[in-house]
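Contents: one structure, followed by commentary.
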Amino acid sequence: MTVVVTGGAGFIGSHLVDLLRDRGADVEVIDRATGSDIEHAEFPAADVVYHLAGPVGPVGVLSQAGRIVTDIIRDAAIVRDVALRDGARLVYVSTSEVYGPQPAGRTDEHAPRVIAAGHSARQEYAIAKLAAETMLLNTPDLDVVIIRPFNVAGPRQRTEGGFVLPRFIEQALAGKPLTVYQPGTQRRAFTHVLDIVEGIALAASKGRRGQVYNLGNPANECDILTLAAEVIEATGSTSAIEVVDPVTLHGPAFAEAPDKVPDPTRAIEELGWRPKRDRLTVIRDALA
Ligand code: UDP
């Protein structure tokens, strides 16, 4: 089995590459960080193309605002054409951000996609990913499966994207206050990256063509003040918790997302996906 992983040097991608190699796949990584850009790469003929490369994180995307849409669509078109050329399955790793603000409760794949007012970098990212998904799903003859991960965390996640857990860990270890964005009652379900890559691999082998799957563990749901307290405890830190306004910190292109909690029933039933790792394991493994 030959597979290509774009973004294979990144946080989720590198764990996916490890898992696929452990299972005996011949894995080709295409990643700007290791010197191969999607635009200029030579894609080998493969059975599966996993597309994970892209801008990352609510802070990471800020510097790319204005070209997020064009970059994401361009790259999606390139991997689509490679998959069509080789008759490969394309596993497109999208984002839960495509749902936009949702009513309270768990979000399944039938939820309408909501476009909020405004034009933050987060919205540009969400619109781009949704447009790319739609383009791929509407391409005749393309064997595509779409994954929408919710709040992935764990080892190797870096602070640059702005994601909360690596930020809190860095702050706690430095004895600095943990910056909880107001109000602190916003909710997320943090899912271990090793559970997520299992789901992505299952999508390649068992996913239905043209299907969309949420991946996220609702059992790990909590509010952000709780997460901050748990990080302080797990690190043995004496840091305080400070509730701050993120726009003051990151500028007006930054936007918060309201509560995000997945309903992954479809992935559980159709793929046999079983997220196993609880929130404390996510936090402890992220410390390693
Ligand atoms: N968050 C926070 N402090 C930080 C970074 C993030 O309180 O220093 C909050 C953020 O407001 C959000 C949650 O943590 O409610 C998850 O943020 P993250 O950027 O990890 O992911 P996303 O907002 O895209 O779900």
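The way I read the labels, and the way they are meant: chains A, B, ... in the order of the structure tokens, residue 1 as the first residue of every chain, and ligand 1 as the first ligand shown, with later ones counted on from there.
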TODO: Using DSSP on the backbone, list every residue of stretch 34-244 of chain A that comes out as alpha helix (DSSP H), and give them as an MDAnalysis selection string.
DONE: chainID A and resid 68:86 121:137 164:173 193:206 224:235
Open item on the list: Can you tell me which residues surround A:Val3 at a distance of at most 8 Å, considering only C-alpha atoms, apart from same-chain residues fewer than 3 positions away, and format the answer as a list in words?
Closed with: Ala25, Asp26, Val27, Glu28, Ala46, Asp47, Val48, Val49 and Tyr50 of chain A
Would you give me, as a Markdown table, each residue of chain A having an atom within 8 Å of an atom of ligand 1, along with its shortest atom pair and that distance in Å to one decimal, using only C-alpha atoms and all ligand atoms and sorting by chain and residue number?
| residue | atom | partner | partner_atom_place_in_ligand_line | distance |
| --- | --- | --- | --- | --- |
| A:Gly57 | CA | ligand 1 | 19 (O) | 6.2 |
| A:Pro58 | CA | ligand 1 | 19 (O) | 5.5 |
| A:Val59 | CA | ligand 1 | 19 (O) | 7.4 |
| A:Glu97 | CA | ligand 1 | 24 (O) | 7.4 |
| A:Phe150 | CA | ligand 1 | 25 (O) | 7.4 |
| A:Asn151 | CA | ligand 1 | 25 (O) | 5.6 |
| A:Gly161 | CA | ligand 1 | 19 (O) | 7.6 |
| A:Gly162 | CA | ligand 1 | 19 (O) | 5.4 |
| A:Phe163 | CA | ligand 1 | 20 (O) | 3.4 |
| A:Val164 | CA | ligand 1 | 20 (O) | 3.8 |
| A:Leu165 | CA | ligand 1 | 20 (O) | 6.4 |
| A:Arg167 | CA | ligand 1 | 8 (O) | 5.6 |
| A:Phe168 | CA | ligand 1 | 8 (O) | 6.4 |
| A:Leu178 | CA | ligand 1 | 8 (O) | 7.0 |
| A:Thr179 | CA | ligand 1 | 8 (O) | 4.8 |
| A:Val180 | CA | ligand 1 | 7 (O) | 3.4 |
| A:Tyr181 | CA | ligand 1 | 7 (O) | 3.7 |
| A:Gln182 | CA | ligand 1 | 7 (O) | 6.9 |
| A:Gly184 | CA | ligand 1 | 7 (O) | 6.1 |
| A:Gln186 | CA | ligand 1 | 15 (O) | 5.3 |
| A:Arg187 | CA | ligand 1 | 15 (O) | 6.5 |
| A:Arg188 | CA | ligand 1 | 25 (O) | 6.5 |
| A:Ile224 | CA | ligand 1 | 14 (O) | 5.7 |
| A:Leu225 | CA | ligand 1 | 7 (O) | 7.5 |
| A:Val243 | CA | ligand 1 | 7 (O) | 7.7 |
| A:Pro246 | CA | ligand 1 | 11 (O) | 7.4 |
| A:Glu256 | CA | ligand 1 | 11 (O) | 5.6 |
| A:Ala257 | CA | ligand 1 | 23 (O) | 5.4 |
| A:Pro258 | CA | ligand 1 | 15 (O) | 6.8 |
| A:Asp259 | CA | ligand 1 | 15 (O) | 7.2 |
| A:Lys260 | CA | ligand 1 | 25 (O) | 6.8 |
Open item on the list: What's around stretch 196-209 of chain A at 6 Å? Count only C-alpha atoms, leave out sequence neighbours fewer than 6 positions away in its own chain, and write the answer as an NGL selection string.
Closed with: :A and (16 or 143-145 or 271 or 273)
Quick one: pick out all strand (DSSP E or B) residues within stretch 120-206 of chain A from a backbone DSSP run and write them as an mmCIF file with all heavy atoms, in the first residue's frame.
data_model
loop_
_atom_site.group_PDB
_atom_site.id
_atom_site.type_symbol
_atom_site.label_atom_id
_atom_site.label_comp_id
_atom_site.auth_asym_id
_atom_site.auth_seq_id
_atom_site.Cartn_x
_atom_site.Cartn_y
_atom_site.Cartn_z
ATOM 1 N N ASP A 143 -13.169 9.763 -5.690
ATOM 2 C CA ASP A 143 -13.426 8.941 -4.500
ATOM 3 C C ASP A 143 -12.929 9.712 -3.284
ATOM 4 O O ASP A 143 -11.775 9.593 -2.893
ATOM 5 C CB ASP A 143 -12.693 7.598 -4.645
ATOM 6 C CG ASP A 143 -12.896 6.698 -3.432
ATOM 7 O OD1 ASP A 143 -13.718 7.045 -2.556
ATOM 8 O OD2 ASP A 143 -12.228 5.656 -3.360
ATOM 9 N N VAL A 144 -13.808 10.510 -2.715
ATOM 10 C CA VAL A 144 -13.380 11.387 -1.606
ATOM 11 C C VAL A 144 -14.162 11.084 -0.334
ATOM 12 O O VAL A 144 -15.351 10.749 -0.387
ATOM 13 C CB VAL A 144 -13.525 12.886 -1.989
ATOM 14 C CG1 VAL A 144 -14.973 13.267 -2.245
ATOM 15 C CG2 VAL A 144 -12.902 13.800 -0.928
ATOM 16 N N VAL A 145 -13.485 11.173 0.790
ATOM 17 C CA VAL A 145 -14.108 11.102 2.111
ATOM 18 C C VAL A 145 -13.646 12.341 2.878
ATOM 19 O O VAL A 145 -12.470 12.703 2.834
ATOM 20 C CB VAL A 145 -13.684 9.820 2.869
ATOM 21 C CG1 VAL A 145 -14.315 9.779 4.253
ATOM 22 C CG2 VAL A 145 -14.065 8.578 2.072
ATOM 23 N N ILE A 146 -14.589 12.984 3.572
ATOM 24 C CA ILE A 146 -14.285 14.230 4.285
ATOM 25 C C ILE A 146 -14.285 13.965 5.792
ATOM 26 O O ILE A 146 -15.216 13.337 6.317
ATOM 27 C CB ILE A 146 -15.353 15.313 3.980
ATOM 28 C CG1 ILE A 146 -15.566 15.506 2.473
ATOM 29 C CG2 ILE A 146 -15.047 16.615 4.729
ATOM 30 C CD1 ILE A 146 -14.609 16.362 1.767
ATOM 31 N N ILE A 147 -13.279 14.501 6.463
ATOM 32 C CA ILE A 147 -13.189 14.400 7.932
ATOM 33 C C ILE A 147 -13.283 15.799 8.529
ATOM 34 O O ILE A 147 -12.609 16.725 8.068
ATOM 35 C CB ILE A 147 -11.810 13.806 8.334
ATOM 36 C CG1 ILE A 147 -11.655 12.391 7.805
ATOM 37 C CG2 ILE A 147 -11.612 13.856 9.842
ATOM 38 C CD1 ILE A 147 -12.598 11.418 8.425
ATOM 39 N N ARG A 148 -14.097 15.930 9.576
ATOM 40 C CA ARG A 148 -14.182 17.208 10.301
ATOM 41 C C ARG A 148 -13.772 16.995 11.752
ATOM 42 O O ARG A 148 -14.597 16.598 12.589
ATOM 43 C CB ARG A 148 -15.609 17.767 10.236
ATOM 44 C CG ARG A 148 -16.043 18.141 8.833
ATOM 45 C CD ARG A 148 -17.464 18.654 8.818
ATOM 46 N NE ARG A 148 -17.900 18.986 7.468
ATOM 47 C CZ ARG A 148 -19.169 18.958 7.062
ATOM 48 N NH1 ARG A 148 -20.130 18.611 7.906
ATOM 49 N NH2 ARG A 148 -19.482 19.287 5.830
ATOM 50 N N PRO A 149 -12.507 17.229 12.072
ATOM 51 C CA PRO A 149 -12.052 17.049 13.460
ATOM 52 C C PRO A 149 -12.452 18.235 14.336
ATOM 53 O O PRO A 149 -12.492 19.372 13.887
ATOM 54 C CB PRO A 149 -10.519 16.983 13.335
ATOM 55 C CG PRO A 149 -10.197 17.140 11.897
ATOM 56 C CD PRO A 149 -11.409 17.649 11.194
ATOM 57 N N VAL A 152 -8.458 18.959 18.369
ATOM 58 C CA VAL A 152 -7.452 17.910 18.519
ATOM 59 C C VAL A 152 -6.339 18.429 19.434
ATOM 60 O O VAL A 152 -5.955 19.598 19.347
ATOM 61 C CB VAL A 152 -6.865 17.557 17.145
ATOM 62 C CG1 VAL A 152 -5.978 16.322 17.242
ATOM 63 C CG2 VAL A 152 -7.971 17.365 16.118
ATOM 64 N N ALA A 153 -5.820 17.562 20.295
ATOM 65 C CA ALA A 153 -4.725 17.972 21.188
ATOM 66 C C ALA A 153 -3.864 16.768 21.507
ATOM 67 O O ALA A 153 -4.248 15.628 21.245
ATOM 68 C CB ALA A 153 -5.289 18.603 22.470
ATOM 69 N N LEU A 178 -2.354 31.889 33.339
ATOM 70 C CA LEU A 178 -3.007 31.239 32.195
ATOM 71 C C LEU A 178 -4.049 32.200 31.639
ATOM 72 O O LEU A 178 -4.933 32.667 32.383
ATOM 73 C CB LEU A 178 -3.652 29.916 32.614
ATOM 74 C CG LEU A 178 -2.727 28.689 32.547
ATOM 75 C CD1 LEU A 178 -1.522 28.849 33.456
ATOM 76 C CD2 LEU A 178 -3.484 27.423 32.889
ATOM 77 N N THR A 179 -3.949 32.506 30.336
ATOM 78 C CA THR A 179 -4.815 33.499 29.710
ATOM 79 C C THR A 179 -6.115 32.852 29.240
ATOM 80 O O THR A 179 -6.218 32.396 28.105
ATOM 81 C CB THR A 179 -4.113 34.116 28.491
ATOM 82 O OG1 THR A 179 -3.720 33.045 27.606
ATOM 83 C CG2 THR A 179 -2.885 34.931 28.894
ATOM 84 N N VAL A 180 -7.097 32.806 30.117
ATOM 85 C CA VAL A 180 -8.419 32.295 29.714
ATOM 86 C C VAL A 180 -9.164 33.415 28.999
ATOM 87 O O VAL A 180 -9.303 34.516 29.542
ATOM 88 C CB VAL A 180 -9.215 31.820 30.942
ATOM 89 C CG1 VAL A 180 -10.663 31.521 30.573
ATOM 90 C CG2 VAL A 180 -8.559 30.597 31.559
ATOM 91 N N TYR A 181 -9.600 33.151 27.764
ATOM 92 C CA TYR A 181 -10.336 34.169 27.017
ATOM 93 C C TYR A 181 -11.747 34.281 27.581
ATOM 94 O O TYR A 181 -12.382 33.266 27.883
ATOM 95 C CB TYR A 181 -10.383 33.830 25.525
ATOM 96 C CG TYR A 181 -9.018 33.760 24.872
ATOM 97 C CD1 TYR A 181 -8.854 33.116 23.650
ATOM 98 C CD2 TYR A 181 -7.896 34.348 25.461
ATOM 99 C CE1 TYR A 181 -7.610 33.052 23.039
ATOM 100 C CE2 TYR A 181 -6.650 34.279 24.854
ATOM 101 C CZ TYR A 181 -6.509 33.627 23.640
ATOM 102 O OH TYR A 181 -5.283 33.550 23.044
ATOM 103 N N ARG A 187 -17.267 26.133 25.744
ATOM 104 C CA ARG A 187 -17.033 24.689 25.889
ATOM 105 C C ARG A 187 -16.393 24.086 24.636
ATOM 106 O O ARG A 187 -16.700 24.495 23.511
ATOM 107 C CB ARG A 187 -18.357 23.973 26.190
ATOM 108 C CG ARG A 187 -19.038 24.521 27.430
ATOM 109 C CD ARG A 187 -20.340 23.812 27.752
ATOM 110 N NE ARG A 187 -20.100 22.506 28.350
ATOM 111 C CZ ARG A 187 -19.745 22.311 29.610
ATOM 112 N NH1 ARG A 187 -19.590 23.344 30.431
ATOM 113 N NH2 ARG A 187 -19.551 21.093 30.063
ATOM 114 N N ARG A 188 -15.534 23.119 24.873
ATOM 115 C CA ARG A 188 -14.888 22.358 23.799
ATOM 116 C C ARG A 188 -14.772 20.910 24.247
ATOM 117 O O ARG A 188 -14.769 20.626 25.446
ATOM 118 C CB ARG A 188 -13.462 22.879 23.523
ATOM 119 C CG ARG A 188 -13.359 24.327 23.040
ATOM 120 C CD ARG A 188 -13.855 24.481 21.618
ATOM 121 N NE ARG A 188 -13.554 25.810 21.080
ATOM 122 C CZ ARG A 188 -14.316 26.890 21.217
ATOM 123 N NH1 ARG A 188 -15.453 26.825 21.905
ATOM 124 N NH2 ARG A 188 -13.966 28.038 20.666
ATOM 125 N N ALA A 189 -14.595 20.002 23.275
ATOM 126 C CA ALA A 189 -14.341 18.587 23.589
ATOM 127 C C ALA A 189 -12.957 18.246 23.038
ATOM 128 O O ALA A 189 -12.792 18.119 21.815
ATOM 129 C CB ALA A 189 -15.416 17.711 22.953
ATOM 130 N N THR A 191 -9.866 16.172 22.017
ATOM 131 C CA THR A 191 -9.751 14.782 21.565
ATOM 132 C C THR A 191 -8.294 14.467 21.278
ATOM 133 O O THR A 191 -7.592 15.259 20.640
ATOM 134 C CB THR A 191 -10.633 14.578 20.323
ATOM 135 O OG1 THR A 191 -11.964 14.965 20.671
ATOM 136 C CG2 THR A 191 -10.631 13.126 19.879
ATOM 137 N N HIS A 192 -7.862 13.317 21.771
ATOM 138 C CA HIS A 192 -6.450 12.927 21.658
ATOM 139 C C HIS A 192 -6.072 12.721 20.196
ATOM 140 O O HIS A 192 -6.796 12.060 19.443
ATOM 141 C CB HIS A 192 -6.219 11.632 22.440
ATOM 142 C CG HIS A 192 -4.797 11.416 22.819
ATOM 143 N ND1 HIS A 192 -3.804 11.194 21.883
ATOM 144 C CD2 HIS A 192 -4.181 11.395 24.033
ATOM 145 C CE1 HIS A 192 -2.640 11.027 22.514
ATOM 146 N NE2 HIS A 192 -2.842 11.155 23.816
#
Task: Selection near stretch 102-110 of chain A, 8 Å with only C-alpha atoms, sequence-local residues under 5 positions removed, as a PyMOL selection string - done: chain A and resi 212-214+218+258-265
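Distance-wise, atom CA of A:Asn220 and atom CA of A:Gly54 end up 25.9 Å apart.
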Task: Closest of A:Leu249, A:Ile241, A:Ala41, A:Val193 to A:Val82 - atom-to-atom distances counting only C-alpha atoms - done: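 The closest residue to A:Val82 is A:Ala41.
Closest to A:Ile232 among A:Asp141, A:Glu124, A:Glu269, A:Glu170 is A:Glu170, based on only C-alpha atoms.
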- [ ] Determine the nearest neighbour of A:Arg80 from the options A:Ile268, A:Ala288, A:Ala132, A:Ile68, counting only C-alpha atoms.
- [x]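 The shortest atom-to-atom distance to A:Arg80 comes from A:Ala132.
For the pair atom CA of A:Gly60 and atom CA of A:Thr281, the interatomic distance is 25.4 Å.
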